[in-house]
>>> print(open('work_36.txt').read())   # compact mmCIF, C-alpha atoms
# COMPACT_ATOMS: atom_id res chain seq x y z
CA MET E 51 0.00 0.00 0.00
CA ARG E 52 1.33 3.45 -0.87
CA GLU E 53 1.78 6.13 1.75
CA ARG E 54 -1.22 8.43 2.17
CA VAL E 55 -0.37 11.74 3.83
CA LEU E 56 -3.34 14.12 4.17
CA GLU E 57 -3.83 17.77 4.94
CA PHE E 58 -4.96 18.32 8.52
CA GLU E 59 -8.60 19.03 7.59
CA GLU E 60 -8.74 15.91 5.40
CA ALA E 61 -7.21 13.71 8.10
CA LEU E 62 -9.64 14.99 10.72
CA ALA E 63 -12.56 14.48 8.33
CA GLU E 64 -11.52 10.84 7.83
CA VAL E 65 -11.39 10.22 11.58
CA LEU E 66 -14.76 11.89 12.14
CA ARG E 67 -16.36 9.97 9.27
CA HIS E 68 -15.29 6.63 10.71
CA ALA E 69 -16.11 7.67 14.28
CA LEU E 70 -19.64 8.76 13.40
CA ALA E 71 -20.31 5.77 11.13
CA GLY E 72 -19.52 3.21 13.79
CA PRO E 73 -22.23 1.43 15.75
CA PRO E 74 -23.34 3.20 18.96
CA PRO E 75 -22.14 1.67 22.23
CA SER E 76 -24.49 -1.04 23.39
CA ALA E 77 -23.20 -1.82 26.88
CA LYS E 78 -24.81 0.22 29.63
CA GLU E 79 -24.40 0.26 33.36
CA ARG E 80 -26.23 1.96 36.19
CA VAL E 81 -24.21 4.07 38.62
CA SER E 82 -24.97 6.27 41.57
CA ILE E 83 -25.39 9.95 40.73
CA THR E 84 -22.36 10.59 42.94
CA GLU E 85 -20.29 8.46 40.52
CA ALA E 86 -21.82 9.78 37.30
CA ALA E 87 -19.70 12.91 36.75
CA GLY E 88 -17.52 12.50 33.66
CA ARG E 89 -19.53 9.55 32.34
CA VAL E 90 -21.63 9.54 29.15
CA LEU E 91 -25.39 9.37 29.56
CA ALA E 92 -27.03 6.24 28.13
CA SER E 93 -30.70 6.93 29.03
CA ALA E 94 -32.19 10.41 28.75
CA VAL E 95 -33.01 12.38 31.89
CA ARG E 96 -36.64 13.49 31.86
CA ALA E 97 -38.56 15.98 33.98
CA GLU E 98 -40.52 14.32 36.76
CA ARG E 99 -42.88 17.36 36.90
CA ASP E 100 -43.15 20.85 35.44
CA GLN E 101 -40.04 22.98 35.82
CA PRO E 102 -40.58 25.08 37.85
CA PRO E 103 -43.50 23.22 39.43
CA PHE E 104 -45.16 26.53 40.41
CA ALA E 105 -44.99 30.19 39.43
CA ARG E 106 -41.74 31.13 41.20
CA SER E 107 -40.55 34.49 42.44
CA THR E 108 -37.06 35.41 41.22
CA ARG E 109 -36.65 38.35 43.64
CA ASP E 110 -37.23 39.36 47.22
CA GLY E 111 -40.09 41.85 47.25
CA TYR E 112 -43.88 41.97 47.11
CA ALA E 113 -46.26 39.81 45.08
CA VAL E 114 -48.90 42.09 43.59
CA ARG E 115 -51.38 42.61 40.80
CA SER E 116 -49.32 44.58 38.25
CA GLY E 117 -52.32 46.71 37.36
CA ASP E 118 -52.45 48.03 40.92
CA VAL E 119 -48.87 49.25 40.71
CA ALA E 120 -49.50 50.89 37.36
CA ALA E 121 -52.39 52.81 38.89
CA GLY E 122 -49.99 54.28 41.45
CA ARG E 123 -52.16 53.43 44.43
CA GLY E 124 -50.95 52.37 47.87
CA LEU E 125 -51.28 48.64 48.61
CA ARG E 126 -52.06 46.99 51.90
CA ILE E 127 -49.55 44.26 52.92
CA VAL E 128 -51.67 41.33 54.12
CA GLY E 129 -49.06 38.63 54.71
CA SER E 130 -45.76 37.07 53.70
CA VAL E 131 -44.48 33.86 52.10
CA ARG E 132 -40.96 32.46 51.83
CA ALA E 133 -39.25 29.67 49.89
CA GLY E 134 -40.45 26.28 51.08
CA GLU E 135 -43.90 27.65 51.97
CA GLN E 136 -47.15 28.26 50.14
CA TRP E 137 -49.56 31.14 50.71
CA ARG E 138 -52.50 29.62 52.57
CA GLY E 139 -54.71 32.69 52.65
CA ASP E 140 -57.39 33.80 50.24
CA GLU E 141 -56.65 34.84 46.68
CA VAL E 142 -54.93 38.21 46.72
CA ARG E 143 -57.42 40.95 45.83
CA SER E 144 -56.91 44.29 44.15
CA GLY E 145 -55.23 46.72 46.53
CA GLU E 146 -53.38 43.97 48.44
CA ALA E 147 -49.76 42.75 48.42
CA ILE E 148 -47.90 39.79 49.89
CA GLU E 149 -44.30 40.07 51.03
CA ILE E 150 -42.40 37.32 49.17
CA MET E 151 -38.89 35.85 49.16
CA THR E 152 -36.83 34.56 46.24
CA GLY E 153 -37.91 31.05 45.24
CA ALA E 154 -41.32 31.20 46.88
CA PRO E 155 -44.53 30.37 44.96
CA ALA E 156 -46.46 33.43 43.79
CA PRO E 157 -49.81 33.58 45.65
CA ALA E 158 -53.00 33.13 43.66
CA GLY E 159 -54.24 36.39 42.20
CA THR E 160 -50.77 37.96 41.79
CA ASP E 161 -49.00 38.28 38.46
CA ALA E 162 -45.77 40.16 39.29
CA VAL E 163 -43.24 40.78 42.03
CA LEU E 164 -42.20 44.32 42.94
CA MET E 165 -38.54 44.18 43.94
CA VAL E 166 -37.93 45.30 47.51
CA GLU E 167 -35.40 47.90 46.36
CA HIS E 168 -38.05 49.43 44.07
CA ALA E 169 -40.66 49.65 46.82
CA THR E 170 -41.40 52.03 49.66
CA VAL E 171 -43.60 51.54 52.70
CA GLY E 172 -45.00 54.80 54.07
CA ASP E 173 -45.88 55.80 57.58
CA ASP E 174 -49.44 54.77 56.74
CA GLY E 175 -48.20 51.18 56.24
CA LEU E 176 -49.10 51.18 52.56
CA LEU E 177 -46.78 49.82 49.86
CA ARG E 178 -45.95 52.07 46.91
CA VAL E 179 -43.65 51.77 43.91
CA ALA E 180 -40.56 53.99 44.02
CA ALA E 181 -40.67 57.11 41.86
CA GLY E 182 -39.84 56.46 38.21
CA ARG E 183 -40.46 52.71 38.46
CA ALA E 184 -43.09 50.61 36.69
CA LEU E 185 -44.12 46.97 36.82
CA GLY E 186 -45.53 44.79 34.05
CA PRO E 187 -47.38 41.46 34.13
CA GLY E 188 -45.07 38.48 34.72
CA GLU E 189 -42.17 40.64 35.90
CA ASN E 190 -39.82 38.84 38.35
CA ILE E 191 -41.89 35.65 38.15
CA VAL E 192 -41.04 32.46 36.25
CA ALA E 193 -44.27 30.81 35.13
CA GLN E 194 -45.00 27.19 35.98
CA GLY E 195 -43.52 24.93 33.28
CA ALA E 196 -41.60 27.80 31.64
CA GLU E 197 -38.33 25.81 31.83
CA ALA E 198 -39.76 22.38 30.98
CA ARG E 199 -42.99 20.43 31.06
CA ALA E 200 -43.42 17.17 32.93
CA ASP E 201 -41.74 14.22 31.13
CA ALA E 202 -39.82 16.52 28.76
CA GLU E 203 -36.32 15.37 27.81
CA LEU E 204 -33.85 17.48 29.75
CA ILE E 205 -30.50 15.77 29.07
CA PRO E 206 -30.15 13.71 25.87
CA VAL E 207 -28.36 10.41 25.43
CA GLY E 208 -24.73 10.95 24.52
CA ARG E 209 -24.10 13.97 26.75
CA ARG E 210 -21.05 13.81 28.96
CA LEU E 211 -22.19 14.57 32.48
CA GLY E 212 -20.77 17.59 34.27
CA ALA E 213 -21.89 19.59 37.28
CA ALA E 214 -24.78 21.26 35.42
CA GLU E 215 -26.17 17.93 34.22
CA ILE E 216 -25.74 16.34 37.65
CA ALA E 217 -27.66 19.23 39.23
CA MET E 218 -30.46 18.85 36.68
CA ALA E 219 -30.71 15.10 37.28
CA ALA E 220 -30.68 15.54 41.05
CA SER E 221 -33.52 18.09 40.82
CA CYS E 222 -35.57 15.38 39.08
CA GLY E 223 -34.89 12.76 41.72
CA TYR E 224 -32.34 10.64 39.84
CA ALA E 225 -30.42 8.81 42.56
CA GLN E 226 -28.96 6.55 39.86
CA MET E 227 -28.20 7.12 36.18
CA ASP E 228 -27.64 4.92 33.13
CA VAL E 229 -24.25 5.50 31.50
CA PHE E 230 -22.32 3.81 28.74
CA ALA E 231 -19.56 1.40 29.70
CA ARG E 232 -16.08 2.86 29.31
CA PRO E 233 -14.30 1.74 26.12
CA ARG E 234 -11.10 -0.24 26.71
CA VAL E 235 -8.02 1.36 25.15
CA ALA E 236 -4.85 -0.69 24.73
CA ILE E 237 -1.67 1.41 24.98
CA VAL E 238 1.62 0.16 23.57
CA ALA E 239 4.78 2.24 23.81
CA THR E 240 7.55 1.10 21.46
CA GLY E 241 11.31 1.63 21.45
CA ASP E 242 14.55 0.03 22.66
CA GLU E 243 15.45 3.28 24.41
CA LEU E 244 12.52 3.13 26.85
CA VAL E 245 12.80 1.93 30.44
CA GLU E 246 10.19 1.79 33.18
CA LEU E 247 9.94 4.22 36.08
CA ASP E 248 11.62 2.00 38.66
CA ALA E 249 14.59 1.01 36.47
CA GLU E 250 18.09 2.46 36.67
CA LEU E 251 18.83 4.63 33.66
CA GLU E 252 21.77 4.32 31.36
CA SER E 253 22.95 7.56 29.75
CA TYR E 254 21.37 6.61 26.41
CA GLN E 255 17.97 5.61 27.79
CA ILE E 256 14.78 7.54 28.62
CA ARG E 257 11.81 6.78 30.82
CA ASN E 258 8.58 5.51 29.32
CA SER E 259 6.52 8.67 29.84
CA ASN E 260 4.23 8.33 26.82
CA SER E 261 2.23 5.37 28.02
CA TYR E 262 1.46 7.19 31.28
CA ALA E 263 0.54 10.38 29.42
CA LEU E 264 -1.73 8.43 27.07
CA ALA E 265 -3.37 6.63 30.00
CA ALA E 266 -4.13 10.03 31.57
CA LEU E 267 -5.51 11.36 28.29
CA VAL E 268 -7.69 8.27 27.86
CA GLY E 269 -9.02 8.76 31.39
CA GLU E 270 -9.93 12.36 30.58
CA GLU E 271 -12.14 11.05 27.76
CA ASP E 272 -13.98 8.46 29.87
CA GLY E 273 -11.93 5.56 28.54
CA GLU E 274 -10.38 2.66 30.44
CA ALA E 275 -6.65 2.58 29.74
CA VAL E 276 -4.81 -0.74 29.60
CA ARG E 277 -1.02 -0.25 29.51
CA PHE E 278 0.83 -3.07 27.78
CA PRO E 279 4.51 -3.87 28.34
CA THR E 280 6.85 -1.83 26.13
CA ALA E 281 7.44 -3.34 22.70
CA ARG E 282 11.07 -3.49 21.56
CA ASP E 283 12.01 -2.52 18.03
CA VAL E 284 11.67 -6.08 16.72
CA MET E 285 8.82 -7.53 14.69
CA SER E 286 8.07 -10.35 17.13
CA ASP E 287 7.39 -7.92 20.00
CA LEU E 288 5.24 -5.65 17.84
CA ARG E 289 3.20 -8.53 16.41
CA GLU E 290 2.51 -9.87 19.89
CA ARG E 291 1.31 -6.49 21.20
CA ILE E 292 -0.83 -5.80 18.11
CA ILE E 293 -2.53 -9.19 18.26
CA ALA E 294 -3.32 -8.69 21.95
CA GLY E 295 -4.27 -5.03 21.49
CA ARG E 296 -6.84 -5.60 18.77
CA GLU E 297 -9.12 -7.21 21.38
CA ALA E 298 -9.58 -3.74 22.89
CA ASP E 299 -12.03 -1.12 21.62
CA LEU E 300 -9.15 1.09 20.49
CA LEU E 301 -5.41 0.45 20.08
CA LEU E 302 -2.80 3.18 20.53
CA LEU E 303 0.82 2.59 19.55
CA SER E 304 3.39 5.22 20.48
CA GLY E 305 6.64 5.50 18.52
CA GLY E 306 8.01 3.55 15.57
CA VAL E 307 5.93 5.28 12.88
CA SER E 308 8.61 7.44 11.25
CA MET E 309 10.94 6.46 8.39
CA GLY E 310 13.87 5.13 10.39
CA LYS E 311 15.45 1.70 10.01
CA TYR E 312 13.84 0.48 13.23
CA ASP E 313 10.45 2.19 12.77
CA LEU E 314 8.53 -1.03 12.19
CA VAL E 315 4.99 -0.25 13.38
CA GLU E 316 3.43 0.25 9.92
CA GLN E 317 4.98 -2.95 8.61
CA ALA E 318 3.80 -4.92 11.65
CA LEU E 319 0.27 -3.52 11.25
CA ARG E 320 0.14 -4.46 7.58
CA GLU E 321 1.34 -7.98 8.36
CA ALA E 322 -1.50 -8.22 10.91
CA GLY E 323 -3.96 -7.48 8.11
CA ALA E 324 -4.61 -3.88 9.04
CA GLU E 325 -6.23 -1.37 6.71
CA LEU E 326 -4.27 1.89 6.85
CA ILE E 327 -6.66 4.78 6.24
CA PHE E 328 -3.91 7.38 6.28
CA THR E 329 -0.20 7.18 7.05
CA GLY E 330 0.50 10.80 7.91
CA ALA E 331 -0.90 14.31 8.18
CA TRP E 332 0.65 17.62 7.14
CA ILE E 333 0.92 18.92 10.69
CA GLN E 334 3.77 19.87 12.99
CA PRO E 335 4.39 18.20 15.31
CA GLY E 336 2.82 14.85 14.46
CA LYS E 337 3.27 14.37 10.73
CA PRO E 338 3.93 10.57 10.90
CA VAL E 339 0.59 9.81 12.63
CA VAL E 340 -1.09 6.64 11.33
CA PHE E 341 -4.80 5.83 11.44
CA GLY E 342 -6.48 2.59 10.45
CA ARG E 343 -8.47 -0.44 11.48
CA MET E 344 -8.22 -4.21 11.64
CA ARG E 345 -10.60 -7.06 12.24
CA ARG E 346 -10.50 -8.52 15.71
CA ASP E 347 -10.60 -11.94 14.13
CA GLN E 348 -10.74 -12.97 10.48
CA SER E 349 -14.11 -14.59 11.13
CA GLU E 350 -15.51 -11.46 12.81
CA ARG E 351 -16.93 -8.35 11.19
CA LYS E 352 -16.13 -6.13 14.14
CA TRP E 353 -13.34 -3.63 13.60
CA THR E 354 -10.77 -2.35 16.05
CA TYR E 355 -9.49 1.10 15.14
CA PHE E 356 -5.91 2.04 15.90
CA PHE E 357 -3.59 5.02 15.84
CA GLY E 358 0.16 4.92 15.42
CA LEU E 359 1.35 8.03 17.24
CA PRO E 360 4.78 9.68 16.93
CA GLY E 361 7.02 8.94 19.90
CA ASN E 362 7.96 12.49 20.83
CA PRO E 363 5.69 13.51 23.71
CA VAL E 364 4.36 16.79 22.32
CA SER E 365 3.58 15.05 19.03
CA THR E 366 1.82 12.31 20.96
CA GLU E 367 -0.45 14.73 22.82
CA VAL E 368 -1.21 16.89 19.78
CA CYS E 369 -2.22 13.85 17.72
CA PHE E 370 -4.28 12.49 20.59
CA ARG E 371 -6.27 15.70 21.01
CA LEU E 372 -6.76 16.17 17.27
CA PHE E 373 -7.53 12.62 16.16
CA VAL E 374 -7.70 10.07 18.98
CA ALA E 375 -10.02 12.02 21.28
CA PRO E 376 -12.83 12.32 18.68
CA MET E 377 -12.71 8.57 18.00
CA LEU E 378 -12.63 7.76 21.71
CA ARG E 379 -15.55 10.09 22.41
CA ALA E 380 -17.60 8.29 19.79
CA LEU E 381 -16.68 4.90 21.24
CA ALA E 382 -17.73 6.19 24.67
CA GLY E 383 -21.14 7.19 23.30
CA GLN E 384 -20.71 10.95 23.10
CA THR E 385 -22.50 12.87 20.37
CA GLU E 386 -20.23 15.94 20.45
CA ILE E 387 -16.86 14.54 19.45
CA SER E 388 -14.84 17.15 17.51
CA PRO E 389 -11.61 18.68 18.88
CA ARG E 390 -12.18 21.76 21.04
CA PHE E 391 -10.87 25.07 19.71
CA VAL E 392 -11.25 28.66 20.87
CA GLU E 393 -10.28 32.01 19.34
CA ALA E 394 -7.64 34.19 20.97
CA ARG E 395 -5.36 37.06 19.97
CA LEU E 396 -1.62 36.62 19.69
CA ALA E 397 0.26 38.38 22.46
CA GLU E 398 3.33 38.89 20.24
CA ASP E 399 4.55 38.53 16.66
CA VAL E 400 5.20 34.94 15.51
CA LYS E 401 7.34 33.88 12.57
CA SER E 402 6.28 30.70 10.81
CA GLY E 403 6.53 30.13 7.07
CA ALA E 404 5.90 26.39 7.44
CA ARG E 405 4.03 24.53 4.73
CA VAL E 406 2.16 22.47 7.29
CA THR E 407 -0.42 23.41 9.92
CA ARG E 408 1.45 23.92 13.17
CA PHE E 409 0.20 23.22 16.70
CA LEU E 410 2.63 24.84 19.11
CA PRO E 411 2.58 24.79 22.93
CA ALA E 412 1.16 28.04 24.26
CA VAL E 413 -0.26 29.71 27.34
CA ILE E 414 -3.74 31.21 27.23
CA GLU E 415 -3.95 34.46 29.18
CA SER E 416 -7.23 36.21 29.89
CA ASP E 417 -8.70 39.12 31.77
CA TRP E 418 -12.08 40.87 31.68
CA GLN E 419 -11.42 42.48 28.30
CA HIS E 420 -9.13 40.18 26.33
CA VAL E 421 -8.18 36.56 25.71
CA THR E 422 -4.62 36.29 24.41
CA VAL E 423 -2.26 33.44 23.66
CA ARG E 424 1.51 33.40 23.98
CA LEU E 425 3.86 30.74 22.61
CA VAL E 426 5.95 28.78 25.10
CA PRO E 427 9.64 28.72 24.12
CA TRP E 428 10.50 25.13 23.24
CA GLN E 429 13.16 22.95 21.74
CA GLY E 430 10.94 20.78 19.57
CA SER E 431 8.42 18.01 20.03
CA GLY E 432 10.50 16.15 22.60
CA ASN E 433 10.39 19.06 25.06
CA LEU E 434 8.37 17.77 27.99
CA ALA E 435 9.15 20.81 30.16
CA ALA E 436 7.72 23.25 27.62
CA ASN E 437 4.65 21.07 27.16
CA ALA E 438 4.05 21.03 30.92
CA ARG E 439 4.08 24.85 30.98
CA ALA E 440 1.48 25.12 28.20
CA SER E 441 -2.29 25.33 28.60
CA GLY E 442 -3.09 24.64 24.94
CA PHE E 443 -1.67 24.68 21.41
CA VAL E 444 -1.81 27.70 19.14
CA VAL E 445 -2.81 26.79 15.57
CA LEU E 446 -0.76 28.40 12.78
CA PRO E 447 -2.04 27.60 9.26
CA GLY E 448 0.56 26.66 6.69
CA GLY E 449 1.94 29.01 4.06
CA VAL E 450 1.95 32.17 6.20
CA GLU E 451 5.32 33.80 6.86
CA ARG E 452 4.40 35.93 9.85
CA PHE E 453 1.55 36.33 12.29
CA ALA E 454 1.23 39.76 13.89
CA ALA E 455 0.56 40.54 17.54
CA GLY E 456 -3.16 41.10 18.03
CA GLU E 457 -4.10 38.79 15.17
CA SER E 458 -6.88 36.33 15.93
CA VAL E 459 -5.84 32.66 15.89
CA ARG E 460 -7.33 29.36 16.93
CA VAL E 461 -6.15 27.53 20.01
CA LEU E 462 -6.52 23.78 20.54
CA LEU E 463 -7.68 23.31 24.13
CA ARG E 464 -6.43 20.77 26.56
>>> encode(input="work_36.txt", output="structure tokens")
Amino acid sequence: MRERVLEFEEALAEVLRHALAGPPPSAKERVSITEAAGRVLASAVRAERDQPPFARSTRDGYAVRSGDVAAGRGLRIVGSVRAGEQWRGDEVRSGEAIEIMTGAPAPAGTDAVLMVEHATVGDDGLLRVAAGRALGPGENIVAQGAEARADAELIPVGRRLGAAEIAMAASCGYAQMDVFARPRVAIVATGDELVELDAELESYQIRNSNSYALAALVGEEDGEAVRFPTARDVMSDLRERIIAGREADLLLLSGGVSMGKYDLVEQALREAGAELIFTGAWIQPGKPVVFGRMRRDQSERKWTYFFGLPGNPVSTEVCFRLFVAPMLRALAGQTEISPRFVEARLAEDVKSGARVTRFLPAVIESDWQHVTVRLVPWQGSGNLAANARASGFVVLPGGVERFAAGESVRVLLR
């Protein structure tokens, strides 16, 4: 098979096409709401009753008939009601007002709440609107069912659950929630130079950081990481790891995808019967990234997708966030799977001139008025220290010689 190196947009489109075309996750599990944060919802959350279940005051003040306030007359205060209570008296008549607290149900007969700061109570005990103020029907009241009707879908299947979704589910009485099972991701770091964390280092060796970084990234995306032993730069090791790894939902191989004499990952994948969808992308760092799929067994129709990621750590993370994360989100059942970008303004001039799209470590800085991004000085895609100082990756399109300070650019978020 010939090499197939794509422009960034084409490579991402290929990943998204395969991710969205795959079958939805079928395995579900029920977890406590206290364990649901970060998981992907498998059964929609529905309203158990109208939201809000009653006409609710949004301010401290006085529940009134708005027409009375418009007439400018003084109103007699006949009672009060607070959150957690209900007005038990008669329907409020014209000329009357009820003191009310935020969150309390509006008493029958009232259609607005006069904010306490817009009200005055005279020596005669009558309530009047402050000079220059007016009040219309429905003001400072949320009508019953205005947010949602009973049994309405509030959180759809495929949404990753955060604090807002957990709060919504809790308000509807969901002590437990159905979520999709986490996809299993096999992680294989390759290279004779790698040693484990507890080993003594020779001067020519480096620690196996990539498999730990990938495991953390997989965990961020609601995946279950399975770290395999490091594969040496020999075909027998690679074959063994690939055969074992294709039983997972997704296989990630780190290193061995460049053009060196001992970069054997592509060859080992082809010998395992893999279909290589692309063998590189015109990006920096990360050009040698490989994407493809293989059958779990020749008799099975089920595919296992895989990525061959460059071994340098910044390349590994960039390729994960651009390509692996969307596929993993789809496998986890999410419906919103694309990489996350924001717009920011460059804090300083940047020289580029590269043909490829560049993703460079950067720090996002923000205040009330501006969001800016500043490149982190680095020594290339093996610079772990620079990567640890970054909060994202500034995106510099290819073919542009210079980007000016203040120019708007995209930033790939972590």
>>> residues_around(input="work_36.txt", residues="region 285-292 of chain E", least_positions_apart="5", cutoff="12 Å", atoms="only C-alpha atoms", output="mmCIF file with C-alpha atoms, keeping the file's coordinate frame")
data_model
loop_
_atom_site.group_PDB
_atom_site.id
_atom_site.type_symbol
_atom_site.label_atom_id
_atom_site.label_comp_id
_atom_site.auth_asym_id
_atom_site.auth_seq_id
_atom_site.Cartn_x
_atom_site.Cartn_y
_atom_site.Cartn_z
ATOM 1 C CA ALA E 236 -4.850 -0.690 24.730
ATOM 2 C CA ILE E 237 -1.670 1.410 24.980
ATOM 3 C CA VAL E 238 1.620 0.160 23.570
ATOM 4 C CA ALA E 239 4.780 2.240 23.810
ATOM 5 C CA THR E 240 7.550 1.100 21.460
ATOM 6 C CA GLY E 241 11.310 1.630 21.450
ATOM 7 C CA ASP E 242 14.550 0.030 22.660
ATOM 8 C CA VAL E 276 -4.810 -0.740 29.600
ATOM 9 C CA ARG E 277 -1.020 -0.250 29.510
ATOM 10 C CA PHE E 278 0.830 -3.070 27.780
ATOM 11 C CA PRO E 279 4.510 -3.870 28.340
ATOM 12 C CA THR E 280 6.850 -1.830 26.130
ATOM 13 C CA GLU E 297 -9.120 -7.210 21.380
ATOM 14 C CA ALA E 298 -9.580 -3.740 22.890
ATOM 15 C CA LEU E 300 -9.150 1.090 20.490
ATOM 16 C CA LEU E 301 -5.410 0.450 20.080
ATOM 17 C CA LEU E 302 -2.800 3.180 20.530
ATOM 18 C CA LEU E 303 0.820 2.590 19.550
ATOM 19 C CA SER E 304 3.390 5.220 20.480
ATOM 20 C CA GLY E 305 6.640 5.500 18.520
ATOM 21 C CA GLY E 306 8.010 3.550 15.570
ATOM 22 C CA TYR E 312 13.840 0.480 13.230
ATOM 23 C CA ASP E 313 10.450 2.190 12.770
ATOM 24 C CA LEU E 314 8.530 -1.030 12.190
ATOM 25 C CA VAL E 315 4.990 -0.250 13.380
ATOM 26 C CA GLU E 316 3.430 0.250 9.920
ATOM 27 C CA GLN E 317 4.980 -2.950 8.610
ATOM 28 C CA ALA E 318 3.800 -4.920 11.650
ATOM 29 C CA LEU E 319 0.270 -3.520 11.250
ATOM 30 C CA ARG E 320 0.140 -4.460 7.580
ATOM 31 C CA GLU E 321 1.340 -7.980 8.360
ATOM 32 C CA ALA E 322 -1.500 -8.220 10.910
ATOM 33 C CA GLY E 323 -3.960 -7.480 8.110
ATOM 34 C CA ALA E 324 -4.610 -3.880 9.040
ATOM 35 C CA ARG E 343 -8.470 -0.440 11.480
ATOM 36 C CA MET E 344 -8.220 -4.210 11.640
ATOM 37 C CA ARG E 345 -10.600 -7.060 12.240
ATOM 38 C CA ARG E 346 -10.500 -8.520 15.710
ATOM 39 C CA THR E 354 -10.770 -2.350 16.050
ATOM 40 C CA TYR E 355 -9.490 1.100 15.140
ATOM 41 C CA PHE E 356 -5.910 2.040 15.900
ATOM 42 C CA PHE E 357 -3.590 5.020 15.840
ATOM 43 C CA GLY E 358 0.160 4.920 15.420
#
>>> residues_around(input="work_36.txt", residues="Ala94 (chain E)", least_positions_apart="2", cutoff="8 Å", atoms="only C-alpha atoms", output="list in words")
Leu91, Ala92, Arg96, Glu203, Leu204, Ile205, Pro206 and Val207 of chain E
>>> residues_near_point(input="work_36.txt", point="(-4.2, 9.3, 25.6)", cutoff="8 Å", atoms="only C-alpha atoms", output="ChimeraX atom specification")
/E:261,263-269,367,370,374-375
>>> atom_distance(input="work_36.txt", atom1="CA of Met227 (chain E)", atom2="CA of Ala196 (chain E)")
25.1 Å
>>> closest_residue(input="work_36.txt", among="E:Leu381, E:Pro363, E:Ala249, E:Ile333", to="Arg234 (chain E)", atoms="all atoms listed in the file")
E:Leu381
>>> atom_distance(input="work_36.txt", atom1="CA of Thr108 (chain E)", atom2="CA of Leu164 (chain E)")
10.4 Å
>>> atom_distance(input="work_36.txt", atom1="CA of Asp110 (chain E)", atom2="CA of Ala213 (chain E)")
26.9 Å
